[in-house]
Amino acid sequence: MTAMVQAEAVHKRFGNLEVLKGIDLEVAPRDVFCLVGPSGSGKSTFLRCINHLEKIDAGRLSVDGELVGYRQKGDKLYELSDREVCQKRQEIGMVFQSFNLFPHLTVLGNVMEAPCRVSGEAKATVRARAEKLLDRVGLKEKADNYPAQLSGGQQQRVAIARALAMQPKLMLFDEPTSALDPELVGDVLDVMRGLADDGMTMIVVTHEMGFAREVGDAIVFMDDGVVVETGKPRDVLTNPQHERTKAFLSKVL
Amino acid sequence: MTDPGRADDPPRRPEAIRAVPVRHPGRWISAAVIVVLVAQIVNWAINNPAFKWNVVGKYLFSTSILQGVKTTIALTIIAMAMGILGGIVLAVMRLSANPILSGVSWVYIWLFRGTPVLVQLLFWYNLPSVIQSISLGVPFGPGWLITDDPTTIFTKLVAACLGLGLNEAAYMAEIARAGILSVDEGQVEAASALGMTRRLSMRRIVLPQAMRVIIPPTGNETISMLKTSSLASVISVVELLYTAQIIYGRTFQVIPLLIVASIWYLFMTSILTVGQYYIERRFSRGASRSLPPTPLQRLRFLVTRSPVMAR
């Protein structure tokens with residue numbers, strides 16, 4: 001079976017700062033991976049490399065067997081055009097820490113925008129699917145509201161519905177609950193739990209250790225641009241092997 | 001302690017405060033002084049024979065003046081349309097990663113913002129008299145003649161539209177650029193993550209949001225353009241001011257006809273001001289939780305003292 005995401009020695013630098021110093025990771029279809037670690041450890045950067053929002057400098061990164069951002073012919077790499085990169089991104093949903101809903105569109109408009117404009121699907125089909133998705137995240141009655149009229153938790157659930165509307169085979173979550181009031185976190189996590197139960201492949205950058213333990217198939221602990229430790233959530237959380245993991249967990253648990 | 005959960009035991013509410021309000025004698029005195037001064041000026045203007053209000057009334061709706069108003073409006077609309085479209089293209093070029101595109105845009109803005117619009121008008125007006133022919137073809141290669149007589153294409157009206165429109169594009173470019181830059185980077189990221197190409201996200205996500213920042217100064221530019229179009233009188237385009245000039249050149253009623261032109265300019269700018277308010281309101285959708293009330297709604301509130309729900 002091809003891995004959904006395969007990273008081999010992925011490096012990334014911003015100017016003089018090396019953010020990723022060789023990441024190796026393999027995520028199988030239907031797996032839920034939780035990336036944890038101190039801020040500045042490169043978790044978000046790695047996540048953004050997967051859908052080519054950031055370009056990697058060295059190593060190999062592929063999604064569902066296809067290289068990210070490049071095409072290989074013989075032993076030569078060809079950069080993909082903007083259009084081709086966008087084509088591939090359609091299969092990868094992403095949810096941001098700051099929601100990034102389109103404020104000038106209604107909730108329904110946000111969810112329908114990409115399927116209508118990018119994949120060019122019929123409006124009626126998209127509308128039915130969008131309404132179903134909004135119902136699923138519990139916001140059917142907010143369809144005609146603008147994002148500014150929603151709470152943070154509601155906005156994030158709309159953002160999830162928006163990403164799902166493109167029917168992705170992989171979902172990336174970049175600290176989806178970090179900007180939320182504590183009492184709103186639960187609703188968002190519930191939606192994500194439901195997704196995981198349905199077999200969606202997910203990579204989640206999070207500080208919610210409870211969620212990681214309960215839903216995650218694996219916890220990946222990153223620090224200073226490298227993967228320090230990977231394992232079953234129960235093992236990593238209760239019996240960390242490395243000093244750095246122990247130090248981090250003692251602060252967050 | 002009161003228990004807010006029990007309806008049959010309402011919390012005791014003290015009586016509303018009744019106090020003698022502070023008096024403001026200074027406000028009354030300054031208001032009285034201003035009212036007297038204004039009344040004096042109005043009286044002087046109305047009763048001064050030099051203003052010849054009967055002449056003003058005679059020409060205000062005359063056919064030639066109305067024709068001039070029409071030309072002024074047409075000139076403003078064409079020049080602003082050129083300015084807005086050109087400005088957005090220039091702004092997108094200016095923000096492009098391609099150094100040639102952004103460099104060309106920079107030079108254009110530098111050139112057209114750095115020379116007086118009056119000079120530009122005279123330039124386009126006089127250009128056709130010094131070029132022999134216009135042809136279209138391959139760069140540095142063969143071409144097809146379009147005309148031997150450039151004045152047939154570069155009429156006075158075309159020269160005025162070019163002069164005003166190309167100059168306006170330079171100003172609008174800076175306004176549009178500020179608008180585009182005001183949109184949060186996360187918006188473009190979210191659009192990219194959904195698979196939108198750069199062009200699509202610019203058109204569907206960035207520009208509609210940039211509009212909220214672009215619209216108010218564009219309204220100002222339009223009002224300004226309405227007045228600046230009077231400069232076209234210099235190259236004898238028969239717009240509102242030049243029409244008034246033609247009439248007073250014949251009748252020597254200079255002040256009354258300048259008043260006629262001013263009344264029309266004032267009337268048109270007033271309409272634009274109201275229009276701008278409603279357009280701004282439309283583009284602020286989604287920016288705040290509720291829209292501010294319209295002047296009509298506010299008036300109703302002042303009269304009835306009942307709060308209105310902004311729609």
# chains A, B, ... in the order shown; residues from 1 in each chain; ligands from 1
>>> interface_residues(of="chain B", to="chain A", cutoff="10 Å", atoms="only C-alpha atoms", output="PDB file with C-alpha atoms, in the first residue's frame")
ATOM      1  CA  ASP B 184      -4.420  39.545   5.280  1.00  0.00           C
ATOM      2  CA  GLU B 185      -1.854  37.106   3.910  1.00  0.00           C
ATOM      3  CA  GLY B 186      -3.794  34.239   5.477  1.00  0.00           C
ATOM      4  CA  GLN B 187      -6.559  34.855   2.949  1.00  0.00           C
ATOM      5  CA  VAL B 188      -4.271  34.066   0.023  1.00  0.00           C
ATOM      6  CA  GLU B 189      -2.909  31.035   1.888  1.00  0.00           C
ATOM      7  CA  ALA B 190      -6.389  29.723   2.562  1.00  0.00           C
ATOM      8  CA  ALA B 191      -7.288  30.246  -1.093  1.00  0.00           C
ATOM      9  CA  SER B 192      -4.107  28.469  -2.258  1.00  0.00           C
ATOM     10  CA  ALA B 193      -4.721  25.600   0.130  1.00  0.00           C
ATOM     11  CA  LEU B 194      -8.144  25.134  -1.492  1.00  0.00           C
ATOM     12  CA  GLY B 195      -6.440  24.841  -4.873  1.00  0.00           C
ATOM     13  CA  MET B 196      -7.108  28.323  -6.206  1.00  0.00           C
ATOM     14  CA  THR B 197      -4.602  29.674  -8.708  1.00  0.00           C
ATOM     15  CA  ARG B 198      -3.000  33.054  -8.018  1.00  0.00           C
ATOM     16  CA  ARG B 199      -5.195  34.698 -10.597  1.00  0.00           C
ATOM     17  CA  LEU B 200      -8.421  33.199  -9.252  1.00  0.00           C
ATOM     18  CA  SER B 201      -7.646  34.085  -5.637  1.00  0.00           C
ATOM     19  CA  ARG B 204     -12.391  36.169  -6.056  1.00  0.00           C
ATOM     20  CA  ILE B 205     -10.739  36.634  -2.661  1.00  0.00           C
ATOM     21  CA  VAL B 206      -8.241  39.502  -2.564  1.00  0.00           C
ATOM     22  CA  PRO B 208     -13.305  42.011  -3.262  1.00  0.00           C
ATOM     23  CA  GLN B 209     -11.766  42.541   0.179  1.00  0.00           C
ATOM     24  CA  ARG B 212     -13.362  48.100   1.185  1.00  0.00           C
ATOM     25  CA  PHE B 283     -18.588  46.755   0.461  1.00  0.00           C
ATOM     26  CA  SER B 284     -18.254  46.757   4.247  1.00  0.00           C
ATOM     27  CA  ARG B 285     -20.439  43.616   4.351  1.00  0.00           C
ATOM     28  CA  GLY B 286     -18.789  41.033   6.534  1.00  0.00           C
ATOM     29  CA  ALA B 287     -16.284  43.533   7.925  1.00  0.00           C
ATOM     30  CA  SER B 288     -18.258  44.191  11.085  1.00  0.00           C
ATOM     31  CA  ARG B 289     -21.069  42.403  12.854  1.00  0.00           C
ATOM     32  CA  SER B 290     -23.720  44.933  11.895  1.00  0.00           C
TER      33      SER B 290
END
>>> residues_around(residues="range 206-212 of chain A", least_positions_apart="5", cutoff="9 Å", atoms="only C-alpha atoms", output="PDB file with N, CA and C atoms, in the first residue's frame")
ATOM      1  N   VAL A  32      -4.171   8.798  11.741  1.00  0.00           N
ATOM      2  CA  VAL A  32      -4.227  10.131  12.330  1.00  0.00           C
ATOM      3  C   VAL A  32      -2.916  10.361  13.072  1.00  0.00           C
ATOM      4  N   PHE A  33      -2.087  11.269  12.536  1.00  0.00           N
ATOM      5  CA  PHE A  33      -0.807  11.584  13.161  1.00  0.00           C
ATOM      6  C   PHE A  33      -0.898  12.917  13.877  1.00  0.00           C
ATOM      7  N   CYS A  34      -0.440  12.963  15.117  1.00  0.00           N
ATOM      8  CA  CYS A  34      -0.423  14.222  15.838  1.00  0.00           C
ATOM      9  C   CYS A  34       1.019  14.695  15.988  1.00  0.00           C
ATOM     10  N   LEU A  35       1.295  15.902  15.456  1.00  0.00           N
ATOM     11  CA  LEU A  35       2.632  16.475  15.600  1.00  0.00           C
ATOM     12  C   LEU A  35       2.626  17.346  16.845  1.00  0.00           C
ATOM     13  N   VAL A  36       3.496  17.018  17.806  1.00  0.00           N
ATOM     14  CA  VAL A  36       3.581  17.845  19.012  1.00  0.00           C
ATOM     15  C   VAL A  36       5.036  18.290  19.186  1.00  0.00           C
ATOM     16  N   GLY A  37       5.187  19.285  20.041  1.00  0.00           N
ATOM     17  CA  GLY A  37       6.535  19.785  20.292  1.00  0.00           C
ATOM     18  C   GLY A  37       6.505  21.251  20.640  1.00  0.00           C
ATOM     19  N   PHE A 173      -4.163  19.856   9.787  1.00  0.00           N
ATOM     20  CA  PHE A 173      -4.674  20.803  10.779  1.00  0.00           C
ATOM     21  C   PHE A 173      -3.495  21.510  11.442  1.00  0.00           C
ATOM     22  N   ASP A 174      -3.430  22.834  11.307  1.00  0.00           N
ATOM     23  CA  ASP A 174      -2.329  23.590  11.893  1.00  0.00           C
ATOM     24  C   ASP A 174      -2.808  24.281  13.171  1.00  0.00           C
ATOM     25  N   GLU A 175      -2.602  23.650  14.311  1.00  0.00           N
ATOM     26  CA  GLU A 175      -3.054  24.156  15.614  1.00  0.00           C
ATOM     27  C   GLU A 175      -4.486  24.681  15.542  1.00  0.00           C
ATOM     28  N   PRO A 176      -5.439  23.799  15.198  1.00  0.00           N
ATOM     29  CA  PRO A 176      -6.803  24.270  14.932  1.00  0.00           C
ATOM     30  C   PRO A 176      -7.514  24.839  16.157  1.00  0.00           C
ATOM     31  N   THR A 177      -7.051  24.509  17.348  1.00  0.00           N
ATOM     32  CA  THR A 177      -7.794  24.982  18.535  1.00  0.00           C
ATOM     33  C   THR A 177      -7.002  25.999  19.357  1.00  0.00           C
ATOM     34  N   SER A 178      -5.801  26.374  18.874  1.00  0.00           N
ATOM     35  CA  SER A 178      -4.945  27.237  19.701  1.00  0.00           C
ATOM     36  C   SER A 178      -5.485  28.647  19.867  1.00  0.00           C
ATOM     37  N   LEU A 189     -12.920  19.813  18.392  1.00  0.00           N
ATOM     38  CA  LEU A 189     -12.302  18.493  18.526  1.00  0.00           C
ATOM     39  C   LEU A 189     -13.309  17.386  18.218  1.00  0.00           C
ATOM     40  N   ARG A 193     -12.778  14.439  15.645  1.00  0.00           N
ATOM     41  CA  ARG A 193     -12.886  13.044  16.083  1.00  0.00           C
ATOM     42  C   ARG A 193     -13.793  12.285  15.116  1.00  0.00           C
ATOM     43  N   ASP A 217      -3.350   7.880  15.970  1.00  0.00           N
ATOM     44  CA  ASP A 217      -2.737   6.570  15.786  1.00  0.00           C
ATOM     45  C   ASP A 217      -1.261   6.641  16.149  1.00  0.00           C
ATOM     46  N   ALA A 218      -0.702   7.850  16.044  1.00  0.00           N
ATOM     47  CA  ALA A 218       0.702   8.025  16.410  1.00  0.00           C
ATOM     48  C   ALA A 218       0.931   9.448  16.874  1.00  0.00           C
ATOM     49  N   ILE A 219       1.884   9.588  17.782  1.00  0.00           N
ATOM     50  CA  ILE A 219       2.335  10.918  18.167  1.00  0.00           C
ATOM     51  C   ILE A 219       3.750  11.072  17.643  1.00  0.00           C
ATOM     52  N   PRO A 233       0.375   6.836  20.841  1.00  0.00           N
ATOM     53  CA  PRO A 233       0.172   7.915  21.812  1.00  0.00           C
ATOM     54  C   PRO A 233       0.363   7.463  23.258  1.00  0.00           C
ATOM     55  N   LEU A 237       3.223   9.136  25.535  1.00  0.00           N
ATOM     56  CA  LEU A 237       2.782  10.023  26.606  1.00  0.00           C
ATOM     57  C   LEU A 237       3.117   9.467  27.995  1.00  0.00           C
ATOM     58  N   VAL A 252       3.611  20.234  29.647  1.00  0.00           N
ATOM     59  CA  VAL A 252       2.268  20.398  29.088  1.00  0.00           C
ATOM     60  C   VAL A 252       1.226  19.478  29.718  1.00  0.00           C
ATOM     61  N   LEU A 253       1.648  18.407  30.346  1.00  0.00           N
ATOM     62  CA  LEU A 253       0.641  17.475  30.879  1.00  0.00           C
ATOM     63  C   LEU A 253       0.189  17.874  32.283  1.00  0.00           C
TER      64      LEU A 253
END
>>> select_by_dssp(residues="range 53-287 of chain B", states="strand (DSSP E)", output="list of chain:residue names")
B:Ile134, B:Ser135, B:Leu136, B:Gly137, B:Gly143, B:Trp144, B:Leu145, B:Ile146, B:Thr147
>>> residues_around(residues="Gln132 in chain B", least_positions_apart="5", cutoff="8 Å", atoms="only C-alpha atoms", output="ChimeraX atom specification")
/B:148-150
>>> residues_around(residues="Tyr70 in chain A", least_positions_apart="2", cutoff="9 Å", atoms="only C-alpha atoms", output="mmCIF file with C-alpha atoms, in the first residue's frame")
data_model
loop_
_atom_site.group_PDB
_atom_site.id
_atom_site.type_symbol
_atom_site.label_atom_id
_atom_site.label_comp_id
_atom_site.auth_asym_id
_atom_site.auth_seq_id
_atom_site.Cartn_x
_atom_site.Cartn_y
_atom_site.Cartn_z
ATOM 1 C CA GLU A 66 3.404 11.598 -6.128
ATOM 2 C CA LEU A 67 6.190 14.095 -5.432
ATOM 3 C CA VAL A 68 5.116 17.409 -3.905
ATOM 4 C CA GLN A 72 10.355 13.259 -11.989
ATOM 5 C CA LEU A 77 13.223 16.914 -11.492
ATOM 6 C CA TYR A 78 10.882 19.363 -13.184
ATOM 7 C CA GLU A 79 9.183 22.072 -11.161
ATOM 8 C CA LEU A 80 5.377 22.024 -11.405
ATOM 9 C CA SER A 81 3.523 25.085 -12.683
ATOM 10 C CA VAL A 85 0.470 22.682 -7.871
#
>>> atom_distance(atom1="CA of Gly59 in chain A", atom2="CA of Ser39 in chain A")
23.0 Å
>>> select_by_dssp(residues="range 20-60 of chain A", states="helix (DSSP H, G or I)", output="MDAnalysis selection string")
chainID A and resid 43:50
>>> closest_residue(among="B:Ile131, B:Cys161, B:Met172, B:Ile29", to="Thr218 in chain B", atoms="only C-alpha atoms")
B:Met172
>>> decode(residues="range 245-258 of chain B", atoms="all heavy atoms", output="mmCIF file, in the first residue's frame")
data_model
loop_
_atom_site.group_PDB
_atom_site.id
_atom_site.type_symbol
_atom_site.label_atom_id
_atom_site.label_comp_id
_atom_site.auth_asym_id
_atom_site.auth_seq_id
_atom_site.Cartn_x
_atom_site.Cartn_y
_atom_site.Cartn_z
ATOM 1 N N GLN B 245 -18.039 79.579 -20.459
ATOM 2 C CA GLN B 245 -17.109 80.579 -20.986
ATOM 3 C C GLN B 245 -17.557 81.099 -22.347
ATOM 4 O O GLN B 245 -17.484 82.287 -22.629
ATOM 5 C CB GLN B 245 -15.706 79.968 -21.100
ATOM 6 C CG GLN B 245 -15.029 79.825 -19.741
ATOM 7 C CD GLN B 245 -13.671 79.137 -19.857
ATOM 8 O OE1 GLN B 245 -13.498 78.211 -20.639
ATOM 9 N NE2 GLN B 245 -12.717 79.593 -19.053
ATOM 10 N N ILE B 246 -18.044 80.148 -23.198
ATOM 11 C CA ILE B 246 -18.521 80.570 -24.532
ATOM 12 C C ILE B 246 -19.666 81.561 -24.386
ATOM 13 O O ILE B 246 -19.704 82.608 -25.042
ATOM 14 C CB ILE B 246 -18.999 79.331 -25.348
ATOM 15 C CG1 ILE B 246 -17.798 78.455 -25.720
ATOM 16 C CG2 ILE B 246 -19.735 79.771 -26.612
ATOM 17 C CD1 ILE B 246 -18.186 77.127 -26.342
ATOM 18 N N ILE B 247 -20.593 81.245 -23.446
ATOM 19 C CA ILE B 247 -21.754 82.117 -23.283
ATOM 20 C C ILE B 247 -21.335 83.483 -22.748
ATOM 21 O O ILE B 247 -21.740 84.523 -23.259
ATOM 22 C CB ILE B 247 -22.809 81.463 -22.367
ATOM 23 C CG1 ILE B 247 -23.315 80.173 -23.017
ATOM 24 C CG2 ILE B 247 -23.969 82.420 -22.117
ATOM 25 C CD1 ILE B 247 -24.240 79.375 -22.136
ATOM 26 N N TYR B 248 -20.475 83.503 -21.716
ATOM 27 C CA TYR B 248 -20.134 84.828 -21.181
ATOM 28 C C TYR B 248 -19.184 85.588 -22.103
ATOM 29 O O TYR B 248 -19.086 86.804 -22.013
ATOM 30 C CB TYR B 248 -19.695 84.798 -19.716
ATOM 31 C CG TYR B 248 -18.333 84.207 -19.334
ATOM 32 C CD1 TYR B 248 -17.126 84.734 -19.833
ATOM 33 C CD2 TYR B 248 -18.259 83.181 -18.383
ATOM 34 C CE1 TYR B 248 -15.914 84.223 -19.423
ATOM 35 C CE2 TYR B 248 -17.040 82.666 -17.977
ATOM 36 C CZ TYR B 248 -15.869 83.192 -18.510
ATOM 37 O OH TYR B 248 -14.668 82.693 -18.107
ATOM 38 N N GLY B 249 -18.509 84.880 -23.016
ATOM 39 C CA GLY B 249 -17.702 85.580 -24.005
ATOM 40 C C GLY B 249 -18.592 86.371 -24.945
ATOM 41 O O GLY B 249 -18.194 87.400 -25.496
ATOM 42 N N ARG B 250 -19.846 85.895 -25.106
ATOM 43 C CA ARG B 250 -20.788 86.537 -26.014
ATOM 44 C C ARG B 250 -21.601 87.595 -25.285
ATOM 45 O O ARG B 250 -21.863 88.657 -25.794
ATOM 46 C CB ARG B 250 -21.721 85.451 -26.574
ATOM 47 C CG ARG B 250 -22.378 85.779 -27.903
ATOM 48 C CD ARG B 250 -23.136 84.570 -28.403
ATOM 49 N NE ARG B 250 -24.146 84.134 -27.438
ATOM 50 C CZ ARG B 250 -24.346 82.870 -27.066
ATOM 51 N NH1 ARG B 250 -23.610 81.913 -27.587
ATOM 52 N NH2 ARG B 250 -25.277 82.572 -26.168
ATOM 53 N N THR B 251 -21.994 87.276 -24.010
ATOM 54 C CA THR B 251 -22.945 88.145 -23.310
ATOM 55 C C THR B 251 -22.288 88.994 -22.222
ATOM 56 O O THR B 251 -22.939 89.860 -21.647
ATOM 57 C CB THR B 251 -24.044 87.300 -22.641
ATOM 58 O OG1 THR B 251 -23.406 86.455 -21.679
ATOM 59 C CG2 THR B 251 -24.782 86.448 -23.645
ATOM 60 N N PHE B 252 -21.048 88.713 -21.890
ATOM 61 C CA PHE B 252 -20.298 89.419 -20.824
ATOM 62 C C PHE B 252 -20.898 89.232 -19.428
ATOM 63 O O PHE B 252 -20.616 89.995 -18.527
ATOM 64 C CB PHE B 252 -20.152 90.918 -21.156
ATOM 65 C CG PHE B 252 -19.451 91.135 -22.461
ATOM 66 C CD1 PHE B 252 -20.168 91.573 -23.580
ATOM 67 C CD2 PHE B 252 -18.094 90.892 -22.589
ATOM 68 C CE1 PHE B 252 -19.520 91.748 -24.798
ATOM 69 C CE2 PHE B 252 -17.445 91.072 -23.800
ATOM 70 C CZ PHE B 252 -18.165 91.503 -24.919
ATOM 71 N N GLN B 253 -21.767 88.241 -19.259
ATOM 72 C CA GLN B 253 -22.330 87.952 -17.936
ATOM 73 C C GLN B 253 -21.421 86.949 -17.215
ATOM 74 O O GLN B 253 -21.792 85.809 -16.973
ATOM 75 C CB GLN B 253 -23.747 87.359 -18.064
ATOM 76 C CG GLN B 253 -24.694 88.183 -18.881
ATOM 77 C CD GLN B 253 -25.218 89.373 -18.100
ATOM 78 O OE1 GLN B 253 -24.736 89.660 -17.000
ATOM 79 N NE2 GLN B 253 -26.176 90.073 -18.648
ATOM 80 N N VAL B 254 -20.202 87.393 -16.877
ATOM 81 C CA VAL B 254 -19.196 86.450 -16.382
ATOM 82 C C VAL B 254 -19.607 85.802 -15.064
ATOM 83 O O VAL B 254 -19.730 84.573 -14.958
ATOM 84 C CB VAL B 254 -17.834 87.165 -16.219
ATOM 85 C CG1 VAL B 254 -16.799 86.185 -15.677
ATOM 86 C CG2 VAL B 254 -17.395 87.745 -17.541
ATOM 87 N N ILE B 255 -19.879 86.651 -14.040
ATOM 88 C CA ILE B 255 -20.167 86.103 -12.708
ATOM 89 C C ILE B 255 -21.406 85.207 -12.717
ATOM 90 O O ILE B 255 -21.361 84.075 -12.224
ATOM 91 C CB ILE B 255 -20.320 87.245 -11.671
ATOM 92 C CG1 ILE B 255 -18.981 87.985 -11.514
ATOM 93 C CG2 ILE B 255 -20.796 86.719 -10.321
ATOM 94 C CD1 ILE B 255 -17.896 87.187 -10.829
ATOM 95 N N PRO B 256 -22.526 85.647 -13.313
ATOM 96 C CA PRO B 256 -23.707 84.777 -13.296
ATOM 97 C C PRO B 256 -23.431 83.410 -13.937
ATOM 98 O O PRO B 256 -23.872 82.387 -13.428
ATOM 99 C CB PRO B 256 -24.733 85.551 -14.122
ATOM 100 C CG PRO B 256 -24.314 86.959 -14.014
ATOM 101 C CD PRO B 256 -22.822 86.962 -13.900
ATOM 102 N N LEU B 257 -22.667 83.369 -15.021
ATOM 103 C CA LEU B 257 -22.447 82.079 -15.672
ATOM 104 C C LEU B 257 -21.471 81.204 -14.893
ATOM 105 O O LEU B 257 -21.600 79.974 -14.893
ATOM 106 C CB LEU B 257 -21.989 82.284 -17.114
ATOM 107 C CG LEU B 257 -23.260 82.449 -17.934
ATOM 108 C CD1 LEU B 257 -23.098 83.368 -19.093
ATOM 109 C CD2 LEU B 257 -23.810 81.083 -18.338
ATOM 110 N N LEU B 258 -20.523 81.860 -14.213
ATOM 111 C CA LEU B 258 -19.653 81.059 -13.336
ATOM 112 C C LEU B 258 -20.473 80.473 -12.189
ATOM 113 O O LEU B 258 -20.235 79.345 -11.746
ATOM 114 C CB LEU B 258 -18.501 81.908 -12.800
ATOM 115 C CG LEU B 258 -17.423 82.244 -13.840
ATOM 116 C CD1 LEU B 258 -16.338 83.108 -13.226
ATOM 117 C CD2 LEU B 258 -16.815 80.978 -14.434
#
